[in-house]
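Heads up, the thing below is written out as structure tokens.
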Amino acid sequence: MKHLKAVNGKAERVERATQSDVVALQRTPQQPTGGAGPHFPIGCSLVFSPGWEADRAGGTAGLCQPVERDLFDCHIGCYWPAQVPDQLNHAPNWTSKCAAAQKDWRKLDLVFP
Amino acid sequence: MISWAAREHHRFEAAGRPFVYLVPSAAIFALDDTADAVMRRLTDRPYTREELEAELSERHGHTELEDTIAELARVRAIGELIVPGREDKPQPKIFPLSPFPLTTMVLNVTNQCNLSCTYCYEYSEDKIVDTENGRKPKFMSEETARQSVEFMLEESGDNKVAHITFFGGETLLNFPVLKKTIAYARQRGAELGKDVDFSLTTNGTLLKPEIIEFLAENRVGVTISIDGPREVQDKFRVFHNGTGSYDVVAPKIRELLKKHRSRPIGARVTLTSGPLDIKRIYRHLTEEIGFWEVGFAPVTTSPGRGHAISEQGYDDMLGQFRDLAYEFLECSVENRHHGFSNVKETLEEIHKGMSKAFPCGAGLGLMGVATDGDVALCHRFAGSDAHKLGTVADGIDRNAQHAFLEKHHIANKTDCSTCWARPLCAGGCYHEAHTRYGETTRPNLHYCDWIRGWTDVCLQIYGELSERNPAFLAQFDEPMAAERVS
């Protein structure tokens, strides 16, 4: 910050905690040491574009990350809304056949808007 | 159109530049000219961005102004104007995790005293517990003291250090039990892999060579209750027959200061009505007697007592505290020691950015034990059934503790909700409130101006030090030491 200078320890913490509001435009997910930044799943498509929902031909078999990762990482931990189908409105039963993602992930179908 | 407004803060100046203390985060930021100009306008009234542009961009530049607004908004120094009906949610009531480890146990080894200080909260008209005709034993037994040690070690959880403070009455009236308790606690601490730290408060009348030697050898921290030079000390700190205690205690204290070199020794002064010459008291106790540090506290009393400090007295006290605090500053800039401990304690809290839900650790990390082993909020309530939180034999009554915390959270103190000093004060001492208003839950509204004035002084000292000798403040990076007991 240019116009304010953190003076006590709490001010430094406030500064760290409010760093980089627009995280998606950042180059790397690494946060400065000690900072509690937003959660980036490993292999997040914001970092390794173009993502893994589908490859250029619309297939999923050759992607570098298996699709079931979305269930645990993007879907639950990530603030970014676009990685999995909208299970509230659009595809409420998307995971209904997938009791254990590690085993049943092939039963997850692609969803097209 | 969106209007901007300043959020809760306190502006102060130090070392020739403006600062803001933000509430409730307790963060302190130094401002440049542009940031200060924006803050000052937004403190007066809400402004739209266009209005700020119109008034400030010519002088400060358009981009600079935009950046400044963004930075101030980022640290929540300013925010969009809150429209009625869309107010922020009230501050959430967050409670510490339970069981909260006990850091300090204050052991009231006796409720008897050989002095009869007119203003004493334990014996005078404002007392809570009847120590003369009550059912509590006058002295703590060895058995209860041992149980208390076990209780402390158990309740300290994963803490590596347990602090035990001996208190009274006059603590040294029960020196035999104190001595045995220290030996026992050391042995049990060693068995459990914990360090036990000891301290005590005494009026100094019973100090004698073998006691001094024991305290020095065992590294027992000592605080002496003393009010100042003879004429000040003898006004209220008298024996039962009315004679002053200065001539008895002064030589004994000098002897203690000469022999007990293993820990710094402090004086604890009670300030009362009448002309206050705090600087003279400070000089006498440090330069003439030789105390390492001196802490002052206004007397706790119900209003109207002869020794109660008047409103004018509080103003006067603040002026003298300010002078001493600036003396402290000049010494600290040159890395010289200054023994005004009040300022140091507040600086540490400011440095750490403490934002308190409770005014002190009573009932949380600190508890007081009465002579019969009843555990209370703190030593000042020891023996009071209405403020009991368990017994050393049965442990802490978690329901009673939770009920206490629930009732005393800062969120309940609506009077405090608009005060910028609440992160540090949180309503003030429970015992003071009980004496003044008959209710521990009440904020101490009678000294709000004094608290705000004193906090402002300490913020200025902190700001000055941050500019002139930031290395001095690094000492406060260490975790907080045990709470002071007075």
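A note on labels: chains of the structure tokens are A, B, ... as shown, every chain counts residues from 1, and ligands are counted from 1 in their shown order.
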
- Message: Show me, as a VMD selection string, the residues that have an atom within 10 Å of Lys179 in chain B when counting only C-alpha atoms, minus same-chain residues fewer than 3 positions from it.
- Response: chain B and resid 142 172 174 to 176 182 to 184 211 214 to 215 218

Dump as a compact mmCIF listing (two decimals), in the first residue's frame, selection limited to C-alpha atoms:
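Output (out_34.txt):
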```txt
# COMPACT_ATOMS: atom_id res chain seq x y z
CA GLU B 142 -1.38 -26.81 53.51
CA LEU B 172 3.25 -13.12 54.31
CA ASN B 174 0.85 -17.29 55.96
CA PHE B 175 4.48 -17.63 54.93
CA PRO B 176 4.82 -21.23 56.20
CA ILE B 182 6.31 -23.51 46.34
CA ALA B 183 8.33 -26.62 47.14
CA TYR B 184 5.37 -28.87 46.37
CA ILE B 211 11.97 -14.40 53.97
CA PHE B 214 13.86 -17.42 50.38
CA LEU B 215 12.13 -15.17 47.82
CA ASN B 218 13.24 -19.18 44.61
```

- Polymer residues at most 9 Å from Glu464 in chain B, only C-alpha atoms, same-chain spacing of 2 or more positions, as a PyMOL selection string: chain B and resi 13-16+329+333+459-462+466-470

With a distance threshold of 8 Å and counting only C-alpha atoms, extract the residues of chain B near chain A and express them as a PDB file with C-alpha atoms, in the first residue's frame.
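And here is the file that came out, result.pdb:
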```
ATOM      1  CA  SER B  25      -9.798  -4.553  14.398  1.00  0.00           C
ATOM      2  CA  ALA B  26      -7.363  -2.526  16.599  1.00  0.00           C
ATOM      3  CA  ALA B  27      -5.102  -2.057  13.571  1.00  0.00           C
ATOM      4  CA  ILE B  28      -3.018   1.121  13.400  1.00  0.00           C
ATOM      5  CA  PHE B  29      -2.092   2.738  10.102  1.00  0.00           C
ATOM      6  CA  ALA B  30       0.025   5.810   9.455  1.00  0.00           C
ATOM      7  CA  LEU B  31      -1.610   8.057   6.849  1.00  0.00           C
ATOM      8  CA  ASP B  32      -0.084  10.211   4.152  1.00  0.00           C
ATOM      9  CA  THR B  34      -4.085  12.268   0.807  1.00  0.00           C
ATOM     10  CA  ALA B  35      -5.309   9.501   3.095  1.00  0.00           C
ATOM     11  CA  ASP B  67      -5.783   4.610  -4.969  1.00  0.00           C
ATOM     12  CA  THR B  68      -6.200   6.117  -1.544  1.00  0.00           C
ATOM     13  CA  GLU B  71      -6.614   1.370   0.199  1.00  0.00           C
ATOM     14  CA  LEU B  72      -8.754   2.891   2.944  1.00  0.00           C
ATOM     15  CA  ARG B  74      -9.484  -2.331   1.811  1.00  0.00           C
ATOM     16  CA  VAL B  75      -8.480  -2.019   5.464  1.00  0.00           C
ATOM     17  CA  ILE B 350      -1.643  -1.833  21.331  1.00  0.00           C
ATOM     18  CA  HIS B 351       1.302  -3.511  19.641  1.00  0.00           C
ATOM     19  CA  LYS B 352      -0.431  -6.862  19.604  1.00  0.00           C
ATOM     20  CA  GLY B 353      -3.632  -5.250  18.345  1.00  0.00           C
ATOM     21  CA  GLY B 463       3.057   6.232  17.166  1.00  0.00           C
ATOM     22  CA  SER B 466       7.059   3.480  15.712  1.00  0.00           C
TER      23      SER B 466
END
```

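Here CA of Ser116 in chain B and CA of Phe296 in chain B stand 19.8 Å from one another.
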
- DSSP alpha helix (DSSP H) selection over range 276-349 of chain B, as a PyMOL selection string: chain B and resi 278-283+311-333+341-349

Can you write out the residues you just picked, keeping N, CA and C atoms, as a JSON list (two decimals), in the first residue's frame?
```json
[["chain", "number", "residue", "atom", "x", "y", "z"],
["B", 278, "ILE", "N", 1.59, 12.60, 41.37],
["B", 278, "ILE", "CA", 2.00, 11.28, 40.89],
["B", 278, "ILE", "C", 3.48, 11.26, 40.53],
["B", 279, "LYS", "N", 3.94, 12.35, 39.96],
["B", 279, "LYS", "CA", 5.35, 12.38, 39.57],
["B", 279, "LYS", "C", 6.26, 12.30, 40.79],
["B", 280, "ARG", "N", 5.84, 12.98, 41.86],
["B", 280, "ARG", "CA", 6.65, 12.91, 43.09],
["B", 280, "ARG", "C", 6.64, 11.49, 43.65],
["B", 281, "ILE", "N", 5.46, 10.85, 43.63],
["B", 281, "ILE", "CA", 5.37, 9.47, 44.11],
["B", 281, "ILE", "C", 6.29, 8.57, 43.28],
["B", 282, "TYR", "N", 6.23, 8.77, 41.96],
["B", 282, "TYR", "CA", 7.05, 7.96, 41.06],
["B", 282, "TYR", "C", 8.54, 8.14, 41.36],
["B", 283, "ARG", "N", 8.96, 9.40, 41.51],
["B", 283, "ARG", "CA", 10.38, 9.68, 41.77],
["B", 283, "ARG", "C", 10.82, 9.06, 43.10],
["B", 311, "GLU", "N", -14.27, 13.63, 39.56],
["B", 311, "GLU", "CA", -14.08, 13.79, 38.12],
["B", 311, "GLU", "C", -12.86, 14.66, 37.84],
["B", 312, "GLN", "N", -12.76, 15.74, 38.61],
["B", 312, "GLN", "CA", -11.61, 16.64, 38.48],
["B", 312, "GLN", "C", -10.31, 15.88, 38.76],
["B", 313, "GLY", "N", -10.39, 14.99, 39.76],
["B", 313, "GLY", "CA", -9.23, 14.19, 40.13],
["B", 313, "GLY", "C", -8.77, 13.31, 38.98],
["B", 314, "TYR", "N", -9.74, 12.75, 38.23],
["B", 314, "TYR", "CA", -9.38, 11.92, 37.08],
["B", 314, "TYR", "C", -8.68, 12.75, 36.00],
["B", 315, "ASP", "N", -9.17, 13.98, 35.77],
["B", 315, "ASP", "CA", -8.53, 14.84, 34.78],
["B", 315, "ASP", "C", -7.10, 15.14, 35.18],
["B", 316, "ASP", "N", -6.95, 15.44, 36.46],
["B", 316, "ASP", "CA", -5.65, 15.78, 37.00],
["B", 316, "ASP", "C", -4.69, 14.59, 36.87],
["B", 317, "MET", "N", -5.23, 13.42, 37.18],
["B", 317, "MET", "CA", -4.44, 12.19, 37.10],
["B", 317, "MET", "C", -3.99, 11.96, 35.66],
["B", 318, "LEU", "N", -4.89, 12.19, 34.71],
["B", 318, "LEU", "CA", -4.57, 11.98, 33.30],
["B", 318, "LEU", "C", -3.42, 12.89, 32.86],
["B", 319, "GLY", "N", -3.48, 14.15, 33.30],
["B", 319, "GLY", "CA", -2.41, 15.09, 32.95],
["B", 319, "GLY", "C", -1.06, 14.60, 33.44],
["B", 320, "GLN", "N", -1.03, 14.09, 34.68],
["B", 320, "GLN", "CA", 0.24, 13.64, 35.24],
["B", 320, "GLN", "C", 0.70, 12.32, 34.62],
["B", 321, "PHE", "N", -0.27, 11.46, 34.31],
["B", 321, "PHE", "CA", 0.07, 10.22, 33.60],
["B", 321, "PHE", "C", 0.70, 10.56, 32.25],
["B", 322, "ARG", "N", 0.13, 11.58, 31.59],
["B", 322, "ARG", "CA", 0.62, 11.96, 30.28],
["B", 322, "ARG", "C", 2.09, 12.42, 30.39],
["B", 323, "ASP", "N", 2.37, 13.25, 31.40],
["B", 323, "ASP", "CA", 3.74, 13.73, 31.58],
["B", 323, "ASP", "C", 4.70, 12.57, 31.78],
["B", 324, "LEU", "N", 4.30, 11.63, 32.65],
["B", 324, "LEU", "CA", 5.17, 10.48, 32.92],
["B", 324, "LEU", "C", 5.33, 9.61, 31.67],
["B", 325, "ALA", "N", 4.25, 9.50, 30.90],
["B", 325, "ALA", "CA", 4.30, 8.68, 29.69],
["B", 325, "ALA", "C", 5.27, 9.29, 28.68],
["B", 326, "TYR", "N", 5.29, 10.62, 28.59],
["B", 326, "TYR", "CA", 6.24, 11.25, 27.67],
["B", 326, "TYR", "C", 7.69, 11.13, 28.15],
["B", 327, "GLU", "N", 7.83, 11.10, 29.47],
["B", 327, "GLU", "CA", 9.17, 10.81, 30.03],
["B", 327, "GLU", "C", 9.60, 9.40, 29.61],
["B", 328, "PHE", "N", 8.65, 8.48, 29.74],
["B", 328, "PHE", "CA", 8.89, 7.09, 29.33],
["B", 328, "PHE", "C", 9.32, 7.05, 27.87],
["B", 329, "LEU", "N", 8.62, 7.84, 27.04],
["B", 329, "LEU", "CA", 8.92, 7.87, 25.60],
["B", 329, "LEU", "C", 10.36, 8.33, 25.36],
["B", 330, "GLU", "N", 10.75, 9.43, 26.00],
["B", 330, "GLU", "CA", 12.09, 9.95, 25.74],
["B", 330, "GLU", "C", 13.16, 8.95, 26.16],
["B", 331, "CYS", "N", 12.93, 8.27, 27.28],
["B", 331, "CYS", "CA", 13.88, 7.24, 27.71],
["B", 331, "CYS", "C", 13.92, 6.10, 26.69],
["B", 332, "SER", "N", 12.73, 5.68, 26.24],
["B", 332, "SER", "CA", 12.66, 4.52, 25.36],
["B", 332, "SER", "C", 13.28, 4.82, 24.00],
["B", 333, "VAL", "N", 13.18, 6.06, 23.55],
["B", 333, "VAL", "CA", 13.81, 6.44, 22.28],
["B", 333, "VAL", "C", 15.32, 6.23, 22.38],
["B", 341, "SER", "N", 5.09, 1.51, 34.69],
["B", 341, "SER", "CA", 4.64, 0.26, 34.08],
["B", 341, "SER", "C", 3.27, 0.37, 33.42],
["B", 342, "ASN", "N", 2.43, 1.32, 33.83],
["B", 342, "ASN", "CA", 1.11, 1.44, 33.19],
["B", 342, "ASN", "C", 1.24, 1.61, 31.68],
["B", 343, "VAL", "N", 2.16, 2.46, 31.27],
["B", 343, "VAL", "CA", 2.27, 2.75, 29.84],
["B", 343, "VAL", "C", 2.78, 1.54, 29.09],
["B", 344, "LYS", "N", 3.68, 0.81, 29.71],
["B", 344, "LYS", "CA", 4.26, -0.35, 29.04],
["B", 344, "LYS", "C", 3.20, -1.42, 28.79],
["B", 345, "GLU", "N", 2.35, -1.63, 29.77],
["B", 345, "GLU", "CA", 1.29, -2.64, 29.61],
["B", 345, "GLU", "C", 0.36, -2.27, 28.46],
["B", 346, "THR", "N", -0.02, -1.00, 28.40],
["B", 346, "THR", "CA", -0.95, -0.60, 27.33],
["B", 346, "THR", "C", -0.25, -0.67, 25.97],
["B", 347, "LEU", "N", 1.03, -0.27, 25.93],
["B", 347, "LEU", "CA", 1.76, -0.34, 24.65],
["B", 347, "LEU", "C", 1.79, -1.77, 24.12],
["B", 348, "GLU", "N", 1.97, -2.70, 25.04],
["B", 348, "GLU", "CA", 2.02, -4.10, 24.60],
["B", 348, "GLU", "C", 0.68, -4.52, 23.97],
["B", 349, "GLU", "N", -0.41, -4.11, 24.61],
["B", 349, "GLU", "CA", -1.73, -4.47, 24.06],
["B", 349, "GLU", "C", -1.97, -3.79, 22.72]]
```

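For range 222-233 of chain B, the set of protein, DNA and RNA residues having any atom at most 6 Å away, when counting only C-alpha atoms and skipping those fewer than 2 positions along the same chain, is B:Ser199, B:Leu200, B:Thr201, B:Thr202, B:Asn203, B:Lys235, B:Arg237, B:Tyr246, B:Ile265, B:Gly266, B:Ala267, B:Arg268, B:Val269, B:Thr270, B:Ile281.
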
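The gap separating CA of Ala5 in chain B from CA of Gly79 in chain B is 5.6 Å, in Å to one decimal.
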
- Message: Env of Leu97 in chain B: 12 Å cut, atoms = only C-alpha atoms, seq-sep filter 3 positions within chain, self excluded. Answer as a ChimeraX atom specification.
- Response: /B:94,100-101,364-365,398,402,405
